[in-house]
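Everything below belongs to protein_7.pdb, which stores PDB, C-alpha atoms and all ligand atoms.
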```
ATOM      1  CA  MET A1376     -17.832  17.842  11.941
ATOM      2  CA  LYS A1377     -20.393  16.728   9.419
ATOM      3  CA  TRP A1378     -19.305  14.525   6.545
ATOM      4  CA  SER A1379     -21.087  13.865   3.343
ATOM      5  CA  GLU A1380     -20.884  10.355   1.977
ATOM      6  CA  ILE A1381     -20.694  10.251  -1.788
ATOM      7  CA  CYS A1382     -21.320   6.818  -3.289
ATOM      8  CA  ILE A1383     -20.565   5.827  -6.887
ATOM      9  CA  HIS A1384     -21.977   2.571  -8.161
ATOM     10  CA  THR A1385     -19.565   1.289 -10.783
ATOM     11  CA  THR A1386     -17.394  -1.645 -11.958
ATOM     12  CA  GLU A1387     -14.268  -3.397 -10.627
ATOM     13  CA  GLU A1388     -12.044  -1.951 -13.338
ATOM     14  CA  ALA A1389     -13.046   1.588 -12.393
ATOM     15  CA  ILE A1390     -12.206   1.214  -8.668
ATOM     16  CA  GLU A1391      -8.614   2.402  -8.884
ATOM     17  CA  PRO A1392      -9.073   5.494 -11.103
ATOM     18  CA  ILE A1393     -12.197   6.576  -9.202
ATOM     19  CA  THR A1394     -10.414   6.135  -5.868
ATOM     20  CA  ASN A1395      -7.621   8.392  -7.146
ATOM     21  CA  ILE A1396     -10.098  11.036  -8.243
ATOM     22  CA  LEU A1397     -11.777  10.986  -4.829
ATOM     23  CA  TYR A1398      -8.497  11.339  -2.935
ATOM     24  CA  GLU A1399      -7.453  14.190  -5.209
ATOM     25  CA  ALA A1400     -10.767  15.864  -4.466
ATOM     26  CA  GLY A1401      -9.878  15.783  -0.758
ATOM     27  CA  ALA A1402     -11.707  12.693   0.439
ATOM     28  CA  GLY A1403     -10.652  11.656   3.936
ATOM     29  CA  GLY A1404     -11.071   7.936   3.321
ATOM     30  CA  VAL A1405     -12.430   5.666   0.623
ATOM     31  CA  VAL A1406     -14.495   2.526   1.139
ATOM     32  CA  ILE A1407     -14.910  -0.165  -1.509
ATOM     33  CA  GLU A1408     -17.958  -2.415  -1.312
ATOM     34  CA  ASP A1409     -17.389  -5.082  -3.959
ATOM     35  CA  SER A1410     -20.156  -7.649  -4.485
ATOM     36  CA  HIS A1411     -17.402 -10.207  -5.279
ATOM     37  CA  ASP A1412     -15.991  -9.915  -1.749
ATOM     38  CA  LEU A1413     -18.970 -11.842  -0.433
ATOM     39  CA  GLN A1414     -17.912 -14.895  -2.431
ATOM     40  CA  LYS A1415     -14.219 -14.556  -1.630
ATOM     41  CA  GLU A1416     -12.534 -16.908   0.864
ATOM     42  CA  TRP A1417     -11.113 -14.853   3.709
ATOM     43  CA  PRO A1418      -8.444 -16.605   5.803
ATOM     44  CA  GLN A1419      -9.935 -18.692   8.588
ATOM     45  CA  GLY A1420      -8.901 -19.035  12.201
ATOM     46  CA  ASN A1421     -10.660 -16.152  13.764
ATOM     47  CA  GLY A1422     -14.257 -16.464  12.630
ATOM     48  CA  GLU A1423     -15.834 -13.292  13.872
ATOM     49  CA  VAL A1424     -13.343 -10.973  12.207
ATOM     50  CA  TYR A1425     -14.011 -12.295   8.732
ATOM     51  CA  SER A1426     -17.782 -12.567   8.618
ATOM     52  CA  LEU A1427     -19.100 -10.067   6.106
ATOM     53  CA  ASP A1428     -22.669  -8.866   6.235
ATOM     54  CA  PRO A1429     -24.374  -9.091   2.814
ATOM     55  CA  ALA A1430     -26.495  -6.070   3.793
ATOM     56  CA  ASP A1431     -23.336  -3.932   3.544
ATOM     57  CA  TYR A1432     -22.669  -4.873  -0.091
ATOM     58  CA  PRO A1433     -24.309  -4.120  -3.436
ATOM     59  CA  ALA A1434     -26.084  -7.044  -5.173
ATOM     60  CA  GLU A1435     -23.802  -6.613  -8.188
ATOM     61  CA  GLY A1436     -20.982  -4.305  -9.229
ATOM     62  CA  VAL A1437     -19.059  -2.129  -6.817
ATOM     63  CA  ASN A1438     -19.851   0.811  -4.564
ATOM     64  CA  VAL A1439     -16.986   3.246  -4.135
ATOM     65  CA  LYS A1440     -17.758   5.525  -1.191
ATOM     66  CA  ALA A1441     -15.853   8.541  -0.024
ATOM     67  CA  TYR A1442     -16.324  11.010   2.767
ATOM     68  CA  LEU A1443     -16.072  14.734   2.127
ATOM     69  CA  PRO A1444     -16.339  17.475   4.746
ATOM     70  CA  VAL A1445     -19.556  19.448   4.421
ATOM     71  CA  ASN A1446     -18.513  23.016   3.639
ATOM     72  CA  SER A1447     -19.305  25.702   1.127
ATOM     73  CA  PHE A1448     -17.086  24.074  -1.534
ATOM     74  CA  LEU A1449     -18.958  20.816  -1.512
ATOM     75  CA  GLY A1450     -21.117  21.646  -4.571
ATOM     76  CA  GLU A1451     -18.110  22.464  -6.778
ATOM     77  CA  THR A1452     -16.139  19.498  -5.462
ATOM     78  CA  VAL A1453     -18.902  17.111  -6.398
ATOM     79  CA  ALA A1454     -19.292  18.669  -9.841
ATOM     80  CA  GLU A1455     -15.545  18.220 -10.425
ATOM     81  CA  ILE A1456     -15.646  14.622  -9.231
ATOM     82  CA  LYS A1457     -18.496  13.857 -11.638
ATOM     83  CA  GLN A1458     -16.647  15.470 -14.500
ATOM     84  CA  SER A1459     -13.389  13.617 -13.796
ATOM     85  CA  ILE A1460     -15.181  10.280 -13.512
ATOM     86  CA  ASN A1461     -16.995  10.843 -16.808
ATOM     87  CA  ASN A1462     -13.652  11.679 -18.437
ATOM     88  CA  LEU A1463     -12.504   8.115 -17.662
ATOM     89  CA  LEU A1464     -14.725   7.015 -20.557
ATOM     90  CA  LEU A1465     -12.167   8.632 -22.868
ATOM     91  CA  TYR A1466      -9.674   6.033 -21.598
ATOM     92  CA  GLU A1467     -12.037   3.160 -22.470
ATOM     93  CA  ILE A1468     -12.775   2.456 -18.799
ATOM     94  CA  ASP A1469     -16.140   0.759 -18.297
ATOM     95  CA  LEU A1470     -17.968   2.779 -15.616
ATOM     96  CA  GLY A1471     -20.986   0.452 -15.392
ATOM     97  CA  GLU A1472     -24.023   2.218 -13.972
ATOM     98  CA  ASN A1473     -21.943   5.236 -12.891
ATOM     99  CA  ARG A1474     -24.689   6.225 -10.428
ATOM    100  CA  LEU A1475     -23.809   8.861  -7.830
ATOM    101  CA  THR A1476     -25.718   9.209  -4.523
ATOM    102  CA  PHE A1477     -25.308  11.213  -1.325
ATOM    103  CA  SER A1478     -25.947  10.996   2.398
ATOM    104  CA  GLU A1479     -24.738  12.815   5.523
ATOM    105  CA  HIS A1480     -22.832  11.269   8.416
ATOM    106  CA  ASN A1481     -21.200  12.481  11.560
ATOM    107  CA  GLU A1482     -17.515  11.918  12.315
ATOM    108  CA  GLU A1483     -17.801   8.725  14.392
ATOM    109  CA  GLU A1484     -19.961   7.068  11.788
ATOM    110  CA  TRP A1485     -17.493   7.502   8.964
ATOM    111  CA  ALA A1486     -14.505   6.481  11.059
ATOM    112  CA  THR A1487     -16.137   3.122  11.726
ATOM    113  CA  ALA A1488     -17.634   2.923   8.226
ATOM    114  CA  TRP A1489     -14.327   2.578   6.413
ATOM    115  CA  LYS A1490     -12.611   0.526   9.091
ATOM    116  CA  LYS A1491     -15.302  -2.105   8.706
ATOM    117  CA  TYR A1492     -13.916  -3.116   5.314
ATOM    118  CA  TYR A1493     -10.247  -3.398   6.123
ATOM    119  CA  LYS A1494      -9.536  -7.016   7.092
ATOM    120  CA  PRO A1495      -6.444  -8.964   8.166
ATOM    121  CA  VAL A1496      -4.729 -10.485   5.117
ATOM    122  CA  THR A1497      -1.925 -12.989   4.830
ATOM    123  CA  ALA A1498       1.211 -11.985   2.925
ATOM    124  CA  GLY A1499       4.052 -14.241   1.884
ATOM    125  CA  ARG A1500       4.805 -17.325   3.991
ATOM    126  CA  HIS A1501       5.343 -15.529   7.262
ATOM    127  CA  PHE A1502       3.004 -12.608   7.646
ATOM    128  CA  VAL A1503      -0.502 -11.541   8.401
ATOM    129  CA  ILE A1504      -1.113  -7.814   8.103
ATOM    130  CA  THR A1505      -3.874  -6.652  10.361
ATOM    131  CA  PRO A1506      -5.439  -3.275  11.036
ATOM    132  CA  THR A1507      -4.553  -2.163  14.517
ATOM    133  CA  TRP A1508      -8.171  -1.947  15.677
ATOM    134  CA  VAL A1509      -8.806  -5.657  15.040
ATOM    135  CA  ASP A1510      -8.030  -7.840  18.035
ATOM    136  CA  TYR A1511      -6.231 -10.487  16.039
ATOM    137  CA  HIS A1512      -5.741 -13.820  17.819
ATOM    138  CA  ARG A1513      -2.621 -15.560  16.648
ATOM    139  CA  GLU A1514      -2.726 -18.767  18.748
ATOM    140  CA  SER A1515      -3.606 -20.976  15.800
ATOM    141  CA  GLU A1516      -1.206 -19.142  13.471
ATOM    142  CA  LYS A1517       2.531 -19.502  13.067
ATOM    143  CA  ARG A1518       2.591 -16.211  11.199
ATOM    144  CA  GLN A1519       4.181 -12.970  12.301
ATOM    145  CA  VAL A1520       1.628 -10.223  12.781
ATOM    146  CA  ILE A1521       2.259  -6.795  11.270
ATOM    147  CA  GLU A1522      -0.146  -4.394  12.902
ATOM    148  CA  LEU A1523      -0.862  -1.259  10.872
ATOM    149  CA  ASP A1524      -2.660   1.956  11.481
ATOM    150  CA  PRO A1525      -2.814   3.054   7.846
ATOM    151  CA  GLY A1526      -3.864   6.595   8.682
ATOM    152  CA  MET A1527      -5.465   8.449   5.826
ATOM    153  CA  ALA A1528      -2.970   8.374   3.018
ATOM    154  CA  PHE A1529      -1.220   5.166   2.050
ATOM    155  CA  GLY A1530      -3.637   2.332   1.549
ATOM    156  CA  THR A1531      -3.519  -0.749   3.666
ATOM    157  CA  GLY A1532       0.015  -2.120   3.235
ATOM    158  CA  THR A1533      -1.435  -5.063   1.362
ATOM    159  CA  HIS A1534      -1.077  -3.957  -2.261
ATOM    160  CA  PRO A1535       0.334  -6.708  -4.540
ATOM    161  CA  THR A1536       3.503  -4.631  -5.052
ATOM    162  CA  THR A1537       4.055  -4.531  -1.268
ATOM    163  CA  VAL A1538       3.455  -8.267  -0.955
ATOM    164  CA  LEU A1539       6.061  -8.930  -3.689
ATOM    165  CA  CYS A1540       8.620  -7.027  -1.574
ATOM    166  CA  LEU A1541       7.728  -8.889   1.616
ATOM    167  CA  GLU A1542       8.100 -12.204  -0.225
ATOM    168  CA  ALA A1543      11.491 -11.146  -1.618
ATOM    169  CA  LEU A1544      12.675 -10.139   1.877
ATOM    170  CA  GLU A1545      11.570 -13.551   3.200
ATOM    171  CA  ARG A1546      13.441 -15.291   0.456
ATOM    172  CA  TYR A1547      16.638 -13.311   0.021
ATOM    173  CA  MET A1548      17.358 -11.062   3.020
ATOM    174  CA  PRO A1549      20.232 -12.421   5.130
ATOM    175  CA  ARG A1550      19.609 -12.413   8.914
ATOM    176  CA  GLY A1551      21.264  -9.494  10.648
ATOM    177  CA  ALA A1552      21.256  -7.435   7.427
ATOM    178  CA  LYS A1553      21.418  -3.659   7.431
ATOM    179  CA  VAL A1554      18.403  -2.583   5.368
ATOM    180  CA  LEU A1555      17.286   0.671   3.729
ATOM    181  CA  ASP A1556      13.549   0.986   2.946
ATOM    182  CA  VAL A1557      13.062   3.793   0.426
ATOM    183  CA  GLY A1558       9.523   5.219   0.313
ATOM    184  CA  THR A1559       8.402   3.492   3.479
ATOM    185  CA  GLY A1560       4.782   4.786   3.527
ATOM    186  CA  THR A1561       3.132   3.019   6.457
ATOM    187  CA  GLY A1562       6.486   1.431   7.354
ATOM    188  CA  VAL A1563       5.215  -2.019   6.425
ATOM    189  CA  LEU A1564       8.394  -3.254   4.694
ATOM    190  CA  SER A1565      10.692  -2.020   7.464
ATOM    191  CA  ILE A1566       8.548  -3.693  10.090
ATOM    192  CA  GLY A1567       8.531  -6.880   7.992
ATOM    193  CA  ALA A1568      12.329  -6.786   7.618
ATOM    194  CA  ALA A1569      12.784  -6.276  11.371
ATOM    195  CA  LYS A1570      10.477  -9.215  12.127
ATOM    196  CA  LEU A1571      12.442 -11.373   9.682
ATOM    197  CA  GLY A1572      15.637 -10.708  11.623
ATOM    198  CA  ALA A1573      17.219  -7.620  10.046
ATOM    199  CA  GLY A1574      19.906  -6.172  12.310
ATOM    200  CA  GLU A1575      19.231  -2.528  11.538
ATOM    201  CA  VAL A1576      16.679  -0.768   9.309
ATOM    202  CA  LEU A1577      16.551   2.811   8.065
ATOM    203  CA  ALA A1578      13.130   3.806   6.681
ATOM    204  CA  VAL A1579      12.876   6.985   4.619
ATOM    205  CA  ASP A1580      10.034   8.825   2.929
ATOM    206  CA  LEU A1581       9.781  12.211   1.286
ATOM    207  CA  ASP A1582       6.334  12.799   2.735
ATOM    208  CA  GLN A1583       6.277  13.981   6.351
ATOM    209  CA  VAL A1584       2.822  12.443   6.874
ATOM    210  CA  ALA A1585       4.240   9.063   5.849
ATOM    211  CA  VAL A1586       7.135   9.546   8.254
ATOM    212  CA  GLN A1587       4.678  10.115  11.129
ATOM    213  CA  SER A1588       2.581   7.136  10.102
ATOM    214  CA  ALA A1589       5.655   4.864   9.831
ATOM    215  CA  ARG A1590       6.948   6.006  13.247
ATOM    216  CA  LEU A1591       3.609   5.182  14.832
ATOM    217  CA  ASN A1592       3.476   1.749  13.206
ATOM    218  CA  VAL A1593       7.083   0.945  14.151
ATOM    219  CA  LYS A1594       6.137   1.549  17.789
ATOM    220  CA  LEU A1595       2.877  -0.363  17.519
ATOM    221  CA  ASN A1596       4.942  -3.341  16.337
ATOM    222  CA  LYS A1597       7.629  -2.805  18.986
ATOM    223  CA  VAL A1598      10.532  -2.725  16.527
ATOM    224  CA  GLN A1599      11.696   0.817  17.368
ATOM    225  CA  ASP A1600      15.070  -0.530  18.547
ATOM    226  CA  ILE A1601      15.761  -1.830  15.048
ATOM    227  CA  VAL A1602      13.941   0.634  12.752
ATOM    228  CA  GLU A1603      14.736   4.332  12.474
ATOM    229  CA  VAL A1604      12.374   6.502  10.385
ATOM    230  CA  ARG A1605      13.572   9.667   8.708
ATOM    231  CA  GLN A1606      12.325  12.167   6.143
ATOM    232  CA  ASN A1607      14.566  11.983   3.082
ATOM    233  CA  ASN A1608      14.552  12.199  -0.709
ATOM    234  CA  LEU A1609      15.547   8.760  -2.074
ATOM    235  CA  VAL A1610      19.192   8.109  -1.047
ATOM    236  CA  ASP A1611      20.323  11.752  -0.763
ATOM    237  CA  THR A1612      23.049  12.198   1.888
ATOM    238  CA  ILE A1613      22.653   8.634   3.168
ATOM    239  CA  GLU A1614      25.890   7.072   4.395
ATOM    240  CA  PRO A1615      27.044   3.849   2.663
ATOM    241  CA  GLY A1616      26.990   0.387   4.230
ATOM    242  CA  PHE A1617      23.666  -1.293   3.365
ATOM    243  CA  ASP A1618      23.291  -5.017   2.661
ATOM    244  CA  VAL A1619      19.759  -4.630   1.300
ATOM    245  CA  ILE A1620      17.857  -1.759  -0.304
ATOM    246  CA  VAL A1621      14.119  -2.264  -0.750
ATOM    247  CA  GLY A1622      11.907   0.257  -2.550
ATOM    248  CA  ASN A1623       8.285  -0.150  -3.554
ATOM    249  CA  LEU A1624       8.191   2.873  -5.833
ATOM    250  CA  LEU A1625       6.842   3.367  -9.323
ATOM    251  CA  ALA A1626       9.052   2.537 -12.360
ATOM    252  CA  GLU A1627      10.162   6.158 -12.854
ATOM    253  CA  LEU A1628      11.235   6.519  -9.215
ATOM    254  CA  VAL A1629      13.049   3.187  -9.258
ATOM    255  CA  ILE A1630      15.039   4.449 -12.246
ATOM    256  CA  ARG A1631      15.854   7.639 -10.339
ATOM    257  CA  LEU A1632      16.816   5.580  -7.286
ATOM    258  CA  VAL A1633      19.462   3.626  -9.211
ATOM    259  CA  LYS A1634      20.663   6.651 -11.166
ATOM    260  CA  GLU A1635      20.964   8.733  -7.998
ATOM    261  CA  GLY A1636      23.211   6.352  -6.117
ATOM    262  CA  ALA A1637      21.602   3.134  -4.813
ATOM    263  CA  SER A1638      24.845   1.418  -5.748
ATOM    264  CA  ARG A1639      26.968   4.024  -3.908
ATOM    265  CA  ILE A1640      25.483   3.204  -0.500
ATOM    266  CA  MET A1641      25.427  -0.544  -0.953
ATOM    267  CA  ARG A1642      28.011  -3.066   0.269
ATOM    268  CA  PRO A1643      29.823  -5.028  -2.483
ATOM    269  CA  ASP A1644      27.525  -8.063  -2.242
ATOM    270  CA  GLY A1645      24.414  -5.948  -1.716
ATOM    271  CA  LEU A1646      20.872  -6.884  -2.698
ATOM    272  CA  LEU A1647      18.364  -4.564  -4.384
ATOM    273  CA  ILE A1648      14.618  -5.286  -4.215
ATOM    274  CA  VAL A1649      12.473  -2.879  -6.240
ATOM    275  CA  SER A1650       8.754  -3.093  -6.878
ATOM    276  CA  GLY A1651       5.790  -1.070  -8.085
ATOM    277  CA  ILE A1652       6.823  -1.696 -11.690
ATOM    278  CA  ILE A1653       4.032  -2.149 -14.185
ATOM    279  CA  LYS A1654       4.895  -5.077 -16.488
ATOM    280  CA  THR A1655       5.053  -2.937 -19.616
ATOM    281  CA  LYS A1656       7.936  -0.942 -18.071
ATOM    282  CA  LYS A1657       9.928  -3.947 -16.850
ATOM    283  CA  ASP A1658      12.495  -3.919 -19.696
ATOM    284  CA  GLN A1659      13.126  -0.215 -19.310
ATOM    285  CA  VAL A1660      13.808  -0.611 -15.572
ATOM    286  CA  VAL A1661      15.996  -3.706 -16.087
ATOM    287  CA  ARG A1662      18.108  -1.679 -18.553
ATOM    288  CA  ALA A1663      18.508   1.131 -16.004
ATOM    289  CA  LEU A1664      19.560  -1.360 -13.313
ATOM    290  CA  THR A1665      22.069  -3.067 -15.606
ATOM    291  CA  ALA A1666      23.532   0.292 -16.648
ATOM    292  CA  SER A1667      24.044   1.132 -12.968
ATOM    293  CA  GLY A1668      25.971  -2.085 -12.278
ATOM    294  CA  PHE A1669      23.218  -4.427 -11.032
ATOM    295  CA  HIS A1670      22.575  -7.984 -12.152
ATOM    296  CA  VAL A1671      18.840  -8.774 -12.137
ATOM    297  CA  PHE A1672      18.385 -12.443 -11.160
ATOM    298  CA  ASP A1673      14.705 -12.742 -10.237
ATOM    299  CA  TRP A1674      11.521 -10.965 -11.366
ATOM    300  CA  PRO A1675       8.478 -12.222  -9.438
ATOM    301  CA  GLU A1676       5.099 -11.085 -10.774
ATOM    302  CA  SER A1677       1.642 -10.461  -9.372
ATOM    303  CA  GLY A1678      -1.167  -9.411 -11.711
ATOM    304  CA  ASP A1679       0.088  -6.513 -13.826
ATOM    305  CA  TRP A1680       3.004  -5.871 -11.477
ATOM    306  CA  VAL A1681       6.576  -7.088 -11.345
ATOM    307  CA  ALA A1682       9.344  -6.743  -8.753
ATOM    308  CA  LEU A1683      13.028  -6.949  -9.683
ATOM    309  CA  ILE A1684      15.629  -8.567  -7.443
ATOM    310  CA  ALA A1685      19.213  -7.700  -8.265
ATOM    311  CA  LYS A1686      22.747  -8.101  -6.937
ATOM    312  CA  LYS A1687      25.354  -5.420  -7.155
ATOM    313  CA  GLU A1688      28.026  -6.632  -9.601
ATOM    314  CA  PRO A1689      31.337  -7.047  -7.756
TER     315      PRO A1689
HETATM  316  N1  LIG B   1       6.616   0.953   1.147
HETATM  317  C1  LIG B   1       5.177   1.123   1.276
HETATM  318  C2  LIG B   1       4.665   2.358   0.564
HETATM  319  C3  LIG B   1       4.871   2.409  -0.935
HETATM  320  S1  LIG B   1       4.125   3.860  -1.665
HETATM  321  C4  LIG B   1       4.470  -0.137   0.773
HETATM  322  O1  LIG B   1       5.116  -0.965   0.148
HETATM  323  O2  LIG B   1       3.280  -0.314   1.017
HETATM  324  C5  LIG B   1       5.562   4.792  -2.158
HETATM  325  C6  LIG B   1       6.075   5.736  -1.095
HETATM  326  O3  LIG B   1       7.203   6.413  -1.660
HETATM  327  C7  LIG B   1       5.104   6.832  -0.667
HETATM  328  O4  LIG B   1       4.958   6.795   0.735
HETATM  329  C8  LIG B   1       5.769   8.125  -1.130
HETATM  330  O5  LIG B   1       5.568   9.212  -0.236
HETATM  331  C9  LIG B   1       7.237   7.738  -1.174
HETATM  332  N2  LIG B   1       8.072   8.571  -2.058
HETATM  333  C10 LIG B   1       7.734   9.128  -3.236
HETATM  334  N3  LIG B   1       8.768   9.816  -3.756
HETATM  335  C11 LIG B   1       9.803   9.700  -2.878
HETATM  336  C12 LIG B   1      11.155  10.199  -2.852
HETATM  337  N4  LIG B   1      11.632  10.953  -3.842
HETATM  338  N5  LIG B   1      11.928   9.895  -1.789
HETATM  339  C13 LIG B   1      11.450   9.122  -0.787
HETATM  340  N6  LIG B   1      10.176   8.622  -0.767
HETATM  341  C14 LIG B   1       9.358   8.904  -1.784
END
```
For this file, produce the structure as structure tokens.
Ligand code: SAH
Amino acid sequence: MKWSEICIHTTEEAIEPITNILYEAGAGGVVIEDSHDLQKEWPQGNGEVYSLDPADYPAEGVNVKAYLPVNSFLGETVAEIKQSINNLLLYEIDLGENRLTFSEHNEEEWATAWKKYYKPVTAGRHFVITPTWVDYHRESEKRQVIELDPGMAFGTGTHPTTVLCLEALERYMPRGAKVLDVGTGTGVLSIGAAKLGAGEVLAVDLDQVAVQSARLNVKLNKVQDIVEVRQNNLVDTIEPGFDVIVGNLLAELVIRLVKEGASRIMRPDGLLIVSGIIKTKKDQVVRALTASGFHVFDWPESGDWVALIAKKEP
């Protein structure tokens, strides 16, 4: 199949909204080339994996590249993308140069093109999350490796909201715990919990594509004896008995999670770890947790995001 690469030269603040627009337009993968990445310190220990080639990066600003199948809709798709990006100006987002360019690629080229930019990253005190195609050498590292094949849909498992959950699991999850991971995506939190010594993990996601991706990653990480993956809406029909519930969902879904019975399926001393909450909505979510019988005792932050750690009131 032929793919057309569409490249938008823009600013850091526009990366996230433009990425969303491209995925909504049907892009099969988005690559970010940020001139700042060349100055960033990548973790050491495995030199060849982390060396970035300046030729791949813009001199300043950011290139957001996406790959669209070449078909008869391509013209309209591109027109819509342009329109949606321009509309971001109405939200006071600085688009920088906002220059759009095109080139054609074949399938193999784009598969390697986006993989090139996805690097191993450390998370919390115990983990390094690495794409499955990188031969990561762990001799010099005491860290646990979480190997992920992110597939097309769920990012890289290294979003700040995910890292907040991994850190909370490291800190608060008792060994041998029975854990529920709501909205598992790639399965990253379930795999993390299993590697930290959880006794049993149930991973659920509403999206069947996520379920497939999580199942694959659970096997890649050899934790299939501990983690079961199932398609499910939040906690619907789930049997009680969990020591820990972890959910990296947005604020609105976290509120639904507690209203729709997180407490029902939790053991008396149970622990709730919820993330994906934008700071401005923290108070609203804390109120919902309190109203559902949880006591929030920690609220770690990262950038604009906050996670809430709560105990079920006895
Ligand atoms: N846990 C992963 C993914 C978080 S993204 C991580 O931390 O990286 C949130 C996930 O919640 C998505 O995979 C989405 O499909 C899932 N989700 C959204 N609504 C849901 C619902 N009602 N029930 C279960 N999962 C849901």
Hey, which of A:Val1554, A:Cys1540, A:Ile1390, A:Ile1566 ends up closest to Ile1521 in chain A? Count all atoms listed in the file. A:Ile1566
Kindly extract all protein, DNA and RNA residues lying within 8 Å of the coordinates (-24.2, 10.1, -7.8) given in the file, considering only C-alpha atoms, and supply them as an NGL selection string. :A and (1381-1384 or 1457 or 1473-1477)
Close residues to ligand LIG 1 (chain B) using all atoms listed in the file, limit 7 Å, as a list in words: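 The residues within 7 Å of ligand LIG 1 (chain B), counting all atoms listed in the file, are Phe1529, Gly1532, Thr1533, His1534, Thr1536, Thr1537, Val1557, Gly1558, Thr1559, Gly1560, Thr1561, Gly1562, Val1563, Leu1564, Val1579, Asp1580, Leu1581, Asp1582, Ala1585, Asn1607, Asn1608, Leu1609, Gly1622, Asn1623, Leu1624 and Leu1628 of chain A.
The two atoms in question, CA of Ala1441 in chain A and CA of Thr1386 in chain A, are spaced 15.8 Å apart.
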Please list as a list of chain:residue names every residue within 10 Å of range 1449-1454 of chain A, counting all atoms listed in the file and excluding residues in the same chain fewer than 4 positions away. A:Ser1379, A:Ile1381, A:Leu1397, A:Ala1400, A:Gly1401, A:Leu1443, A:Pro1444, A:Val1445, A:Gln1458, A:Ser1459, A:Leu1475
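Of the listed residues A:Met1548, A:Leu1539, A:Leu1625, A:Ala1637, the one whose atoms come nearest to Lys1657 in chain A is A:Leu1625, with distances taken using only C-alpha atoms.
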Please enumerate the residues selected by the PyMOL selection byres (((chain A and resi 1664) around 12) and not hetatm) when evaluated against the supplied file, formatted as an NGL selection string. :A and (1626 or 1629-1638 or 1647-1649 or 1657-1663 or 1665-1672 or 1683-1688)
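One finds CA of Leu1464 in chain A at 28.5 Å from CA of Glu1479 in chain A.
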Between CA of Ile1601 in chain A and CA of Val1621 in chain A, what distance in Å does the model show, to one decimal?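 Separation between CA of Ile1601 in chain A and CA of Val1621 in chain A: 15.9 Å.
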Which residue gives the smallest distance to Asn1462 in chain A among A:Ala1389, A:Val1602, A:Val1586, A:Ile1653, with all atoms listed in the file counted? A:Ala1389
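Residues with any atom within 12 Å of Leu1595 in chain A, counting only C-alpha atoms and excluding same-chain neighbours fewer than 4 positions away, are Thr1505, Pro1506, Thr1507, Trp1508, Val1520, Ile1521, Glu1522, Leu1523, Asp1524, Pro1525, Thr1561, Gly1562, Val1563, Ile1566, Ser1588, Ala1589, Arg1590, Leu1591 and Gln1599 of chain A.
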Selected residues written out with C-alpha atoms, as a PDB file, in the frame of the given file:
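File produced: part_23.pdb:
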```
ATOM      1  CA  THR A1505      -3.874  -6.652  10.361  1.00  0.00           C
ATOM      2  CA  PRO A1506      -5.439  -3.275  11.036  1.00  0.00           C
ATOM      3  CA  THR A1507      -4.553  -2.163  14.517  1.00  0.00           C
ATOM      4  CA  TRP A1508      -8.171  -1.947  15.677  1.00  0.00           C
ATOM      5  CA  VAL A1520       1.628 -10.223  12.781  1.00  0.00           C
ATOM      6  CA  ILE A1521       2.259  -6.795  11.270  1.00  0.00           C
ATOM      7  CA  GLU A1522      -0.146  -4.394  12.902  1.00  0.00           C
ATOM      8  CA  LEU A1523      -0.862  -1.259  10.872  1.00  0.00           C
ATOM      9  CA  ASP A1524      -2.660   1.956  11.481  1.00  0.00           C
ATOM     10  CA  PRO A1525      -2.814   3.054   7.846  1.00  0.00           C
ATOM     11  CA  THR A1561       3.132   3.019   6.457  1.00  0.00           C
ATOM     12  CA  GLY A1562       6.486   1.431   7.354  1.00  0.00           C
ATOM     13  CA  VAL A1563       5.215  -2.019   6.425  1.00  0.00           C
ATOM     14  CA  ILE A1566       8.548  -3.693  10.090  1.00  0.00           C
ATOM     15  CA  SER A1588       2.581   7.136  10.102  1.00  0.00           C
ATOM     16  CA  ALA A1589       5.655   4.864   9.831  1.00  0.00           C
ATOM     17  CA  ARG A1590       6.948   6.006  13.247  1.00  0.00           C
ATOM     18  CA  LEU A1591       3.609   5.182  14.832  1.00  0.00           C
ATOM     19  CA  GLN A1599      11.696   0.817  17.368  1.00  0.00           C
TER      20      GLN A1599
END
```
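Protein, DNA and RNA residues at most 10 Å from (-10.7, 6.9, -8.6), with all atoms listed in the file, are these: Ala1389, Ile1390, Glu1391, Pro1392, Ile1393, Thr1394, Asn1395, Ile1396, Leu1397, Tyr1398, Glu1399, Ala1400, Val1405, Val1439, Ile1456, Ser1459, Ile1460 and Leu1463 of chain A.
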I'd like to see the residues matched by the PyMOL selection byres (((chain A and resi 1645) around 8) and not hetatm) on this file, and ideally I'd get them as a ChimeraX atom specification. /A:1617-1620,1641-1644,1646-1647,1686-1687
Would you kindly translate the PyMOL selection byres (((chain A and resi 1680) around 6) and not hetatm) into the concrete residues it picks from this file, as a list of chain:residue names?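 Output of the PyMOL selection byres (((chain A and resi 1680) around 6) and not hetatm): A:Ile1652, A:Ile1653, A:Lys1654, A:Glu1676, A:Ser1677, A:Gly1678, A:Asp1679, A:Val1681.
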Determine the axis-aligned bounding box of all atoms of range 1394-1398 of chain A present in the file, pad each side by 3 Å, and express its centre and edge lengths in Å to one decimal place as AutoDock Vina command-line options.
```
--center_x -9.7 --center_y 8.7 --center_z -5.6 --size_x 10.2 --size_y 11.2 --size_z 11.3
```
